[in-house]
Protein chains: 2
Amino acid sequence: MIRRAASAVVMLCIGVQFLLADEGMYPLTQLLEIDLRAKGLTISAEALYNPQGTSLIDAIVNIGGCTGSFVSADGLILTNHHCAFPAVQAASTPALDYVTHGFLARKRGEEIRARGNTVRIIESYRDVSAEVLGVLADSMSPGERTRALAAKSKSLVAETETRTPGVRGEVAEMFAGKTYVLFVYTYLRDVRLVYVPPRGIGEFGGEEDNWMWPRHTGDFAFLRAYVGPDGSPADYAPENVPYHPKRWLRVQPQGVDENDAVFILGYPGRTYRHRTSHFLAYEENGRLPAVADLYEWQIATMLRMGAADRSIALKYDSRVKSLSNTSKNYRGKLQGLHRLHLVQRKQEEEKGMQAFLEADPTLQKRYGTMLREIADVYAAMTATAGTEVLLDNLRTSSTLLSQAFIATEGARELRKPDLQRESAYMERNIGRTRDGVRLALQNFHEPVDRALFEEVLRRLQALPETGRHPIVDSILTEIRGQGGIGPWLDDLYARATLQTPEAVFALMDGSPEDASRSTDPFVQLCRRLTPVYSTLREQRQDREGKLTRLHGDLVEVKQLYQKTTFIPDANSTMRMTFGRVRGYAPADATVYRPFTTLKGIIEKATGVPPFAPPERLIALYREKRFGRYAHPSLGMVPVALLYNLDTTGGNSGSPLLNAAGELVGVNFDRTFEATINDYAWSEEYSRSIAVDVRYVLWVTEFIGGAQEILRELGVQ
Amino acid sequence: MIRRAASAVVMLCIGVQFLLADEGMYPLTQLLEIDLRAKGLTISAEALYNPQGTSLIDAIVNIGGCTGSFVSADGLILTNHHCAFPAVQAASTPALDYVTHGFLARKRGEEIRARGNTVRIIESYRDVSAEVLGVLADSMSPGERTRALAAKSKSLVAETETRTPGVRGEVAEMFAGKTYVLFVYTYLRDVRLVYVPPRGIGEFGGEEDNWMWPRHTGDFAFLRAYVGPDGSPADYAPENVPYHPKRWLRVQPQGVDENDAVFILGYPGRTYRHRTSHFLAYEENGRLPAVADLYEWQIATMLRMGAADRSIALKYDSRVKSLSNTSKNYRGKLQGLHRLHLVQRKQEEEKGMQAFLEADPTLQKRYGTMLREIADVYAAMTATAGTEVLLDNLRTSSTLLSQAFIATEGARELRKPDLQRESAYMERNIGRTRDGVRLALQNFHEPVDRALFEEVLRRLQALPETGRHPIVDSILTEIRGQGGIGPWLDDLYARATLQTPEAVFALMDGSPEDASRSTDPFVQLCRRLTPVYSTLREQRQDREGKLTRLHGDLVEVKQLYQKTTFIPDANSTMRMTFGRVRGYAPADATVYRPFTTLKGIIEKATGVPPFAPPERLIALYREKRFGRYAHPSLGMVPVALLYNLDTTGGNSGSPLLNAAGELVGVNFDRTFEATINDYAWSEEYSRSIAVDVRYVLWVTEFIGGAQEILRELGVQ
């Protein structure tokens, strides 16, 4: 049950246009104002969202950055294969390869720990805009504004957590500098794997098909949330018992068809639709190409080095997936920015806006320089984008260097009072930080680590004069003096000591003085680089402070100029989006139909991953054993489907719901053209992709042989 | 007019199935037996093909390996941009860049020579199977059979050409070892450029879009055939006059629409539908991947070296296009072979055929070992495929080495009686061979030449022991002795003398003894390599002889086994194919519509070649200036269209004709899935692509401003 703690949040969203537009990721506070019937939905408003009782919302969870949904009374969760993947990878060894073969627990006792996963449930939320913004003073510098907002948010969270032990608070910025909401969540910390299909299904098509349609990925996995015997959240323990959610989704084995109304509840991560042309130009000409280029190099290197040794490939699998996912997304965005001329369109809009301001002396006085000030911030960011991408990657490219940073920062931060610490070292997060250290070192392989590190150094060396950083430059000069990067790295790795979590924790839990005396060469390097990152952080806080204020102004101006209202950009809080099952025309003379089928898997199958479905799937296809899961007009099991809903990253694993609110699919991706969603949405191009519930059930029944799951879902 | 000299040629083709099947490239002899009405065609049989008078056939020409058609009484020819491209390239310089900007002759006197092009017209043909096969004796070795067939063909051609001065004969093998037809052709040798659109239109999409749909290439060009003042074929001369063809095609500016019946007359080059699984396995596992891999390397190298210097890029443009065209075609074929399991399907068919033979003692005695013998030939070919691809490329990779071969072979061959010469050095061909030398040396650039040569040497060096050739090996050993490939090539190029056509012709026209005394290092290398190629040629004649006999047997067995008839594989002789304008589904959930439009050009346009349409095109699109060329339901100028006709290479430039035999497009490509046409045809996947006549006329009128051409076409 979600307690409705504030009667009107995000006031900016209310308006007539809002109720008509199909675009948009609507926050909880607006759900009751949508005309569900007009949208083709038959579910009642109360069943969808009922702050006074239970509703569908209570079945939706955040699981490790993805969305998931409860699908049984015993805490069974359906989400994406790719969301469960890091946990499956962590549980796998070359001998016990769940990644390749999948995993099925035949009974509760066989369910294994999904390391690194937590399940987050909303308890309540309230508008805290007045409290948060109350700490700002006109005299503050932009950096001071940023830090003041962060400090106030932290203290609001701390108050909440003190008042109600066991919950966790988070302050979400709805409109930068305007509206803030405090969400209160419960975290379930014992999560286990129940059924994960083989990789040949769950990752069919792999990176090649990622962000693409037609799609044939069986991107689903079943997990289960556990709690202590007393029913409260608990760390993993054998005696824990399945969690009983307040509400779970009914699974509809008949699925949906073309043009049916559907909706999604989930946690979309981030969109940038209210930003200006300057931001888009910075993305198009600065950040996106620099990141995509570096990541593509790193991916190629990890794949090449993993090709010879399956155990190395397993270690870097997750990182390759993550980088590929980002770089292809960025390539899609770059194509979209270019094709849709988004910068130019925004520039035209801004020209009109500026003329509007200049026509009114009062507005001109108050907002006249706003756009120019935003332009200045992004001009500076664009100039240093290449350097900043390399600096960000310098500390993360080598696992040993990133552990050195965690250890020394930890030693410093853990001495501070909890509220003053960097977020990762606060009591509430330190457990996950330690888990991260363990996982990172489990996946460490020196030759790969070294190759990635070396390339970032080489790129820093190759930067033009204007992009240089003096401290980094002096380090590079020293390296040249010691015979160049190769010999210098030989020495560094020969003397490295942080290859075990114990070594990292020993430093972290010691005094800052001990850490500063460490002779580990990565710790020494980290010490020299620390001022580089402090400066960078301050620069960013300064920009953020400026932009928070300017974007707050921008929202006000836009409202006056457009004489309409709009909804806030996605910010990882719960949203609803609705629309229809619908194909599209991605290009001239090309039509994408909204359902793929088993036939497409056979067409793509080469026997070589990522196009290597299990033999059993091919045999079932040949024997036409579709069970009761065939699509009526396609005469075959549908695999994935397309719809015009408004989603973004974080919506992965979201349940796709039919008009009555029954689960008919699991959202897992957008099309290549729809990567542009983060900047703009279009009825023509924006399509998201779910694995069809019929394929989920067919695989679970016919490939997994997991009758017990079908029974638990109540669909057998 | 085509005189019908034989009443029944290619008897194997007659049968009921033949008349029903839409598949097939029907030879001239069968045209009168097609039920045109049943195929949706309204043209009369006599208008299509009339051996006693003139017919559409008389408007069809072969132009430089492509097909073209007369479209005016004054010898105006419409063919593909890519067919005219080498001539446009030869006429271009960095200062006078017709490749980039296109070419338009405002009046006859401005029409410039299309170097290297001839226009070939059919005069007559007759069945010569009995005469050709009469020279074979059972006692002959396979190599002797090959040589005997070739010699008889040559003498038949010579007889014809002596009897009727000015014509040229060619013997076409319809079914290997079964049926041979002598075609008599007239060649027009003075061909000129009339209108060539800018490269941003004629080559829009370039290699990236080649073999693909949706397509937006304006792949057309207008040329004109000239003859001497007396009306007979003549070499280029200013006083020549336009040729007046017996028949020319009417251009239909309204085009066609989806599902309309269409047909094509043209010169498809080569198909292999009657070959066995062994041939397909050799292609799939031997030849195709070896060639594609080497070509891809060569393309990348030429592009890289041309990137810095536009004049180098111009020199190698044509070669890059040609290699890219082949390598992508091979990649498409490899995908098709794999996806359609063609080898396996043929194997199953052959298993049935073998069982059928073994069930009948007479057949078993006569044909029982046929399939095994075919298998043996291809097994040997597969084993040496990698080596042979490199040897073939060794003599062609370096222009200087290939000129050395031409010069020394020429010196030897030109001393022989004409009929005994290698084809390229016969009187009838020597002029074109000399033109080839001039063009090759005009496009010579030493650093590129050297890089291509070096790579083939390196690959030969890297061959496994089993693939080695003793002579090549001894050369490579010497190279190593002289400090390796680099220094050896330094010396070779420093002493080279064949950089001018004069130097090549001086050797060629001298005595073989002079040639053998030449100190040019490429000539010396060529002398050492000559035995390598002689052996290779003999091996190939031996294989061909065996296969000719075996494939003759195979045709007989197939007829007995399948109890049906079939039409011969394409062999560069005139064929007709018919069908419908129709899209297709290249993959699950994907539909390709049969027309592209200007909108697609705008979508693809990046401003960077090959996606850089002229500014004027973009402006016309924005202003919706479509003239009378808009497609009625698409509301815009259509650019290209798809149809299910059966085409292959050589059909480039073929007129696409509507039901009444009017020109509605210019065929220029197949889809990626249809590259498999050469091995198998399918209603589902085989689609060919034409530039729509409406786009041809729109570009000619609105971009080219060539009103005079529209007047000449009679469509103004």
# chains A, B, ... in the order shown; residues from 1 in each chain; ligands from 1
call {"tool": "interface_residues", "arguments": {"of": "chain B", "to": "chain A", "cutoff": "6 Å", "atoms": "only C-alpha atoms", "output": "list in words"}}
result
Asp588, Ala589, Thr590, Val591, Tyr592, Arg593, Thr596 and Gly600 of chain B
call {"tool": "residues_around", "arguments": {"residues": "region 371-373 of chain B", "least_positions_apart": "3", "cutoff": "8 Å", "atoms": "only C-alpha atoms", "output": "PyMOL selection string"}}
result
chain B and resi 350+354+368+376-377+550
call {"tool": "residues_around", "arguments": {"residues": "Ala225 (chain A)", "least_positions_apart": "6", "cutoff": "7 Å", "atoms": "only C-alpha atoms", "output": "list in words"}}
result
Gly75, Leu76, Leu188, Asp190, Val191, Arg192, Pro242 and Tyr243 of chain A
call {"tool": "write_last_selection", "arguments": {"atoms": "N, CA, C and O atoms", "output": "compact mmCIF listing (two decimals), in the first residue's frame"}}
result
# COMPACT_ATOMS: atom_id res chain seq x y z
N GLY A 75 6.26 -13.98 -3.36
CA GLY A 75 7.40 -13.10 -3.65
C GLY A 75 8.17 -13.44 -4.90
O GLY A 75 9.32 -13.01 -5.07
N LEU A 76 7.56 -14.22 -5.81
CA LEU A 76 8.20 -14.50 -7.09
C LEU A 76 8.24 -13.20 -7.90
O LEU A 76 7.23 -12.49 -7.96
N LEU A 188 14.40 -5.14 0.34
CA LEU A 188 14.54 -6.56 0.70
C LEU A 188 15.92 -6.98 0.22
O LEU A 188 16.26 -6.81 -0.95
N ASP A 190 17.54 -10.10 0.69
CA ASP A 190 17.81 -11.51 0.34
C ASP A 190 17.01 -11.84 -0.92
O ASP A 190 15.79 -12.01 -0.88
N VAL A 191 17.72 -11.90 -2.04
CA VAL A 191 17.07 -12.16 -3.33
C VAL A 191 17.71 -13.41 -3.93
O VAL A 191 18.94 -13.58 -3.83
N ARG A 192 16.91 -14.29 -4.52
CA ARG A 192 17.47 -15.56 -5.02
C ARG A 192 17.01 -15.83 -6.46
O ARG A 192 15.95 -15.37 -6.89
N PRO A 242 10.14 -16.87 2.09
CA PRO A 242 9.67 -16.03 0.99
C PRO A 242 8.86 -14.84 1.50
O PRO A 242 8.10 -14.96 2.46
N TYR A 243 9.05 -13.72 0.82
CA TYR A 243 8.33 -12.49 1.13
C TYR A 243 6.91 -12.58 0.56
O TYR A 243 6.72 -13.11 -0.52
call {"tool": "select_by_dssp", "arguments": {"residues": "region 485-568 of chain A", "states": "alpha helix (DSSP H)", "output": "NGL selection string"}}
result
:A and (485-494 or 501-509 or 512-517 or 521-562)
call {"tool": "residues_around", "arguments": {"residues": "Leu223 (chain A)", "least_positions_apart": "3", "cutoff": "12 Å", "atoms": "only C-alpha atoms", "output": "JSON, numbers by chain"}}
result
{"A": [63, 68, 69, 70, 71, 72, 74, 75, 76, 77, 78, 79, 80, 81, 83, 84, 85, 87, 88, 103, 104, 105, 108, 111, 112, 113, 114, 115, 117, 118, 119, 190, 191, 192, 193, 194, 195, 196, 197, 220, 226, 242, 243, 653, 709]}
call {"tool": "residues_around", "arguments": {"residues": "Gln524 (chain A)", "least_positions_apart": "2", "cutoff": "12 Å", "atoms": "only C-alpha atoms", "output": "PyMOL selection string"}}
result
chain A and resi 400-401+404-405+407-408+475+492+495-497+515-522+526-530
call {"tool": "write_last_selection", "arguments": {"atoms": "N, CA, C and O atoms", "output": "mmCIF file, in the first residue's frame"}}
result
data_model
loop_
_atom_site.group_PDB
_atom_site.id
_atom_site.type_symbol
_atom_site.label_atom_id
_atom_site.label_comp_id
_atom_site.auth_asym_id
_atom_site.auth_seq_id
_atom_site.Cartn_x
_atom_site.Cartn_y
_atom_site.Cartn_z
ATOM 1 N N LEU A 400 42.553 -2.307 -10.355
ATOM 2 C CA LEU A 400 43.457 -2.073 -9.211
ATOM 3 C C LEU A 400 43.488 -0.598 -8.831
ATOM 4 O O LEU A 400 43.490 -0.249 -7.654
ATOM 5 N N LEU A 401 43.466 0.277 -9.845
ATOM 6 C CA LEU A 401 43.469 1.699 -9.528
ATOM 7 C C LEU A 401 42.139 2.102 -8.893
ATOM 8 O O LEU A 401 42.107 2.880 -7.940
ATOM 9 N N ALA A 404 42.185 1.153 -5.356
ATOM 10 C CA ALA A 404 43.034 2.063 -4.585
ATOM 11 C C ALA A 404 42.248 3.321 -4.211
ATOM 12 O O ALA A 404 42.319 3.810 -3.079
ATOM 13 N N PHE A 405 41.445 3.827 -5.166
ATOM 14 C CA PHE A 405 40.623 4.996 -4.873
ATOM 15 C C PHE A 405 39.599 4.687 -3.789
ATOM 16 O O PHE A 405 39.390 5.472 -2.866
ATOM 17 N N ALA A 407 39.745 2.377 -1.494
ATOM 18 C CA ALA A 407 40.410 2.149 -0.204
ATOM 19 C C ALA A 407 40.807 3.463 0.457
ATOM 20 O O ALA A 407 40.536 3.686 1.648
ATOM 21 N N THR A 408 41.425 4.366 -0.310
ATOM 22 C CA THR A 408 41.896 5.607 0.321
ATOM 23 C C THR A 408 40.741 6.561 0.628
ATOM 24 O O THR A 408 40.718 7.184 1.688
ATOM 25 N N ILE A 475 52.744 13.554 -14.417
ATOM 26 C CA ILE A 475 52.850 12.093 -14.262
ATOM 27 C C ILE A 475 53.299 11.467 -15.582
ATOM 28 O O ILE A 475 54.184 10.606 -15.609
ATOM 29 N N LEU A 492 54.659 -1.247 -12.073
ATOM 30 C CA LEU A 492 53.453 -0.992 -11.282
ATOM 31 C C LEU A 492 52.752 -2.308 -10.915
ATOM 32 O O LEU A 492 52.410 -2.546 -9.749
ATOM 33 N N ARG A 495 54.554 -4.642 -8.422
ATOM 34 C CA ARG A 495 54.535 -4.266 -7.002
ATOM 35 C C ARG A 495 53.125 -4.113 -6.445
ATOM 36 O O ARG A 495 52.943 -3.715 -5.306
ATOM 37 N N ALA A 496 52.083 -4.415 -7.255
ATOM 38 C CA ALA A 496 50.703 -4.201 -6.811
ATOM 39 C C ALA A 496 50.330 -5.141 -5.675
ATOM 40 O O ALA A 496 50.797 -6.291 -5.626
ATOM 41 N N THR A 497 49.489 -4.659 -4.749
ATOM 42 C CA THR A 497 49.104 -5.487 -3.588
ATOM 43 C C THR A 497 47.597 -5.617 -3.417
ATOM 44 O O THR A 497 47.126 -6.364 -2.564
ATOM 45 N N ALA A 515 46.852 4.780 5.205
ATOM 46 C CA ALA A 515 46.632 4.702 3.761
ATOM 47 C C ALA A 515 47.648 5.572 3.022
ATOM 48 O O ALA A 515 48.190 5.177 1.999
ATOM 49 N N SER A 516 47.929 6.743 3.611
ATOM 50 C CA SER A 516 48.844 7.653 2.903
ATOM 51 C C SER A 516 50.280 7.134 2.958
ATOM 52 O O SER A 516 51.122 7.559 2.198
ATOM 53 N N ARG A 517 50.571 6.236 3.906
ATOM 54 C CA ARG A 517 51.916 5.672 3.978
ATOM 55 C C ARG A 517 52.069 4.403 3.130
ATOM 56 O O ARG A 517 53.161 3.866 3.016
ATOM 57 N N SER A 518 50.963 3.914 2.574
ATOM 58 C CA SER A 518 51.016 2.663 1.804
ATOM 59 C C SER A 518 52.021 2.764 0.657
ATOM 60 O O SER A 518 52.134 3.803 -0.001
ATOM 61 N N THR A 519 52.768 1.685 0.451
ATOM 62 C CA THR A 519 53.735 1.687 -0.648
ATOM 63 C C THR A 519 53.160 1.040 -1.904
ATOM 64 O O THR A 519 53.852 0.892 -2.900
ATOM 65 N N ASP A 520 51.871 0.642 -1.849
ATOM 66 C CA ASP A 520 51.253 0.082 -3.060
ATOM 67 C C ASP A 520 51.304 1.148 -4.154
ATOM 68 O O ASP A 520 50.868 2.293 -3.949
ATOM 69 N N PRO A 521 51.833 0.798 -5.335
ATOM 70 C CA PRO A 521 52.018 1.833 -6.369
ATOM 71 C C PRO A 521 50.704 2.411 -6.878
ATOM 72 O O PRO A 521 50.653 3.563 -7.293
ATOM 73 N N PHE A 522 49.623 1.615 -6.859
ATOM 74 C CA PHE A 522 48.331 2.157 -7.292
ATOM 75 C C PHE A 522 47.801 3.151 -6.261
ATOM 76 O O PHE A 522 47.204 4.165 -6.613
ATOM 77 N N CYS A 526 47.067 6.963 -6.950
ATOM 78 C CA CYS A 526 45.756 7.498 -6.569
ATOM 79 C C CYS A 526 45.935 8.766 -5.744
ATOM 80 O O CYS A 526 45.220 9.749 -5.926
ATOM 81 N N ARG A 527 46.937 8.748 -4.854
ATOM 82 C CA ARG A 527 47.187 9.924 -4.027
ATOM 83 C C ARG A 527 47.555 11.119 -4.896
ATOM 84 O O ARG A 527 47.107 12.238 -4.662
ATOM 85 N N ARG A 528 48.352 10.877 -5.919
ATOM 86 C CA ARG A 528 48.759 11.992 -6.786
ATOM 87 C C ARG A 528 47.585 12.493 -7.620
ATOM 88 O O ARG A 528 47.538 13.655 -8.008
ATOM 89 N N LEU A 529 46.667 11.564 -7.932
ATOM 90 C CA LEU A 529 45.540 11.958 -8.793
ATOM 91 C C LEU A 529 44.393 12.586 -8.017
ATOM 92 O O LEU A 529 43.534 13.247 -8.598
ATOM 93 N N THR A 530 44.376 12.375 -6.701
ATOM 94 C CA THR A 530 43.233 12.848 -5.911
ATOM 95 C C THR A 530 42.920 14.330 -6.140
ATOM 96 O O THR A 530 41.751 14.680 -6.359
#
call {"tool": "atom_distance", "arguments": {"atom1": "CA of Tyr49 (chain B)", "atom2": "CA of Ala690 (chain B)"}}
result
23.1 Å
call {"tool": "residues_around", "arguments": {"residues": "region 291-301 of chain A", "least_positions_apart": "6", "cutoff": "6 Å", "atoms": "only C-alpha atoms", "output": "VMD selection string"}}
result
chain A and resid 320 323 327
call {"tool": "write_last_selection", "arguments": {"atoms": "N, CA and C atoms", "output": "PDB file, in the first residue's frame"}}
result
ATOM      1  N   VAL A 320      31.692  -6.038 -20.768  1.00  0.00           N
ATOM      2  CA  VAL A 320      31.528  -5.903 -22.216  1.00  0.00           C
ATOM      3  C   VAL A 320      30.077  -5.564 -22.536  1.00  0.00           C
ATOM      4  N   LEU A 323      29.326  -1.894 -21.521  1.00  0.00           N
ATOM      5  CA  LEU A 323      29.922  -0.887 -22.399  1.00  0.00           C
ATOM      6  C   LEU A 323      29.284  -0.908 -23.787  1.00  0.00           C
ATOM      7  N   SER A 327      27.596   2.146 -25.755  1.00  0.00           N
ATOM      8  CA  SER A 327      28.154   2.728 -26.977  1.00  0.00           C
ATOM      9  C   SER A 327      27.152   2.637 -28.125  1.00  0.00           C
TER      10      SER A 327
END
call {"tool": "select_by_dssp", "arguments": {"residues": "region 480-628 of chain B", "states": "strand (DSSP E or B)", "output": "list in words"}}
result
Arg575, Met576, Thr577, Phe578, Gly579, Arg580, Val581, Tyr584, Ala585, Pro586, Ala587, Thr590, Val591, Tyr592, Phe595, Thr596 and Thr597 of chain B
call {"tool": "write_last_selection", "arguments": {"atoms": "N, CA and C atoms", "output": "PDB file, in the first residue's frame"}}
result
ATOM      1  N   ARG B 575      18.038 -13.152 -72.648  1.00  0.00           N
ATOM      2  CA  ARG B 575      16.977 -13.874 -71.942  1.00  0.00           C
ATOM      3  C   ARG B 575      15.830 -12.925 -71.623  1.00  0.00           C
ATOM      4  N   MET B 576      14.669 -13.541 -71.416  1.00  0.00           N
ATOM      5  CA  MET B 576      13.510 -12.779 -70.950  1.00  0.00           C
ATOM      6  C   MET B 576      13.081 -13.330 -69.593  1.00  0.00           C
ATOM      7  N   THR B 577      12.715 -12.441 -68.695  1.00  0.00           N
ATOM      8  CA  THR B 577      12.155 -12.884 -67.406  1.00  0.00           C
ATOM      9  C   THR B 577      10.968 -11.976 -67.095  1.00  0.00           C
ATOM     10  N   PHE B 578       9.918 -12.553 -66.488  1.00  0.00           N
ATOM     11  CA  PHE B 578       8.714 -11.756 -66.250  1.00  0.00           C
ATOM     12  C   PHE B 578       8.175 -12.027 -64.848  1.00  0.00           C
ATOM     13  N   GLY B 579       7.307 -11.155 -64.370  1.00  0.00           N
ATOM     14  CA  GLY B 579       6.745 -11.319 -63.027  1.00  0.00           C
ATOM     15  C   GLY B 579       5.958 -10.076 -62.647  1.00  0.00           C
ATOM     16  N   ARG B 580       6.048  -9.694 -61.372  1.00  0.00           N
ATOM     17  CA  ARG B 580       5.219  -8.598 -60.856  1.00  0.00           C
ATOM     18  C   ARG B 580       6.045  -7.633 -60.006  1.00  0.00           C
ATOM     19  N   VAL B 581       5.591  -6.393 -59.937  1.00  0.00           N
ATOM     20  CA  VAL B 581       6.139  -5.420 -58.994  1.00  0.00           C
ATOM     21  C   VAL B 581       5.673  -5.838 -57.603  1.00  0.00           C
ATOM     22  N   TYR B 584       8.575  -7.664 -50.356  1.00  0.00           N
ATOM     23  CA  TYR B 584       8.794  -8.967 -49.744  1.00  0.00           C
ATOM     24  C   TYR B 584       9.115  -8.804 -48.271  1.00  0.00           C
ATOM     25  N   ALA B 585       9.216  -9.950 -47.612  1.00  0.00           N
ATOM     26  CA  ALA B 585       9.561  -9.953 -46.194  1.00  0.00           C
ATOM     27  C   ALA B 585      10.949 -10.564 -46.059  1.00  0.00           C
ATOM     28  N   PRO B 586      11.978  -9.728 -45.927  1.00  0.00           N
ATOM     29  CA  PRO B 586      13.342 -10.262 -45.894  1.00  0.00           C
ATOM     30  C   PRO B 586      13.636 -11.015 -44.610  1.00  0.00           C
ATOM     31  N   ALA B 587      12.832 -10.752 -43.584  1.00  0.00           N
ATOM     32  CA  ALA B 587      13.074 -11.379 -42.284  1.00  0.00           C
ATOM     33  C   ALA B 587      11.786 -11.299 -41.482  1.00  0.00           C
ATOM     34  N   THR B 590       9.515  -8.105 -40.661  1.00  0.00           N
ATOM     35  CA  THR B 590       9.988  -7.016 -41.505  1.00  0.00           C
ATOM     36  C   THR B 590       9.353  -7.112 -42.891  1.00  0.00           C
ATOM     37  N   VAL B 591       8.804  -6.016 -43.357  1.00  0.00           N
ATOM     38  CA  VAL B 591       8.196  -5.981 -44.683  1.00  0.00           C
ATOM     39  C   VAL B 591       8.883  -4.883 -45.487  1.00  0.00           C
ATOM     40  N   TYR B 592       9.333  -5.228 -46.683  1.00  0.00           N
ATOM     41  CA  TYR B 592       9.865  -4.216 -47.582  1.00  0.00           C
ATOM     42  C   TYR B 592       8.810  -3.873 -48.615  1.00  0.00           C
ATOM     43  N   PHE B 595       8.262   0.353 -53.408  1.00  0.00           N
ATOM     44  CA  PHE B 595       8.747   1.635 -53.945  1.00  0.00           C
ATOM     45  C   PHE B 595       9.471   2.457 -52.875  1.00  0.00           C
ATOM     46  N   THR B 596      10.614   3.005 -53.242  1.00  0.00           N
ATOM     47  CA  THR B 596      11.213   4.038 -52.393  1.00  0.00           C
ATOM     48  C   THR B 596      10.891   5.399 -53.011  1.00  0.00           C
ATOM     49  N   THR B 597      11.091   6.459 -52.218  1.00  0.00           N
ATOM     50  CA  THR B 597      10.740   7.798 -52.692  1.00  0.00           C
ATOM     51  C   THR B 597      11.845   8.797 -52.335  1.00  0.00           C
TER      52      THR B 597
END
call {"tool": "residues_around", "arguments": {"residues": "Arg432 (chain A)", "least_positions_apart": "3", "cutoff": "12 Å", "atoms": "only C-alpha atoms", "output": "ChimeraX atom specification"}}
result
/A:64,115-118,189,235,423-429,435-439
call {"tool": "atom_distance", "arguments": {"atom1": "CA of Val472 (chain B)", "atom2": "CA of Ala494 (chain B)"}}
result
22.1 Å
call {"tool": "atom_distance", "arguments": {"atom1": "CA of Pro361 (chain B)", "atom2": "CA of Tyr561 (chain B)"}}
result
14.6 Å
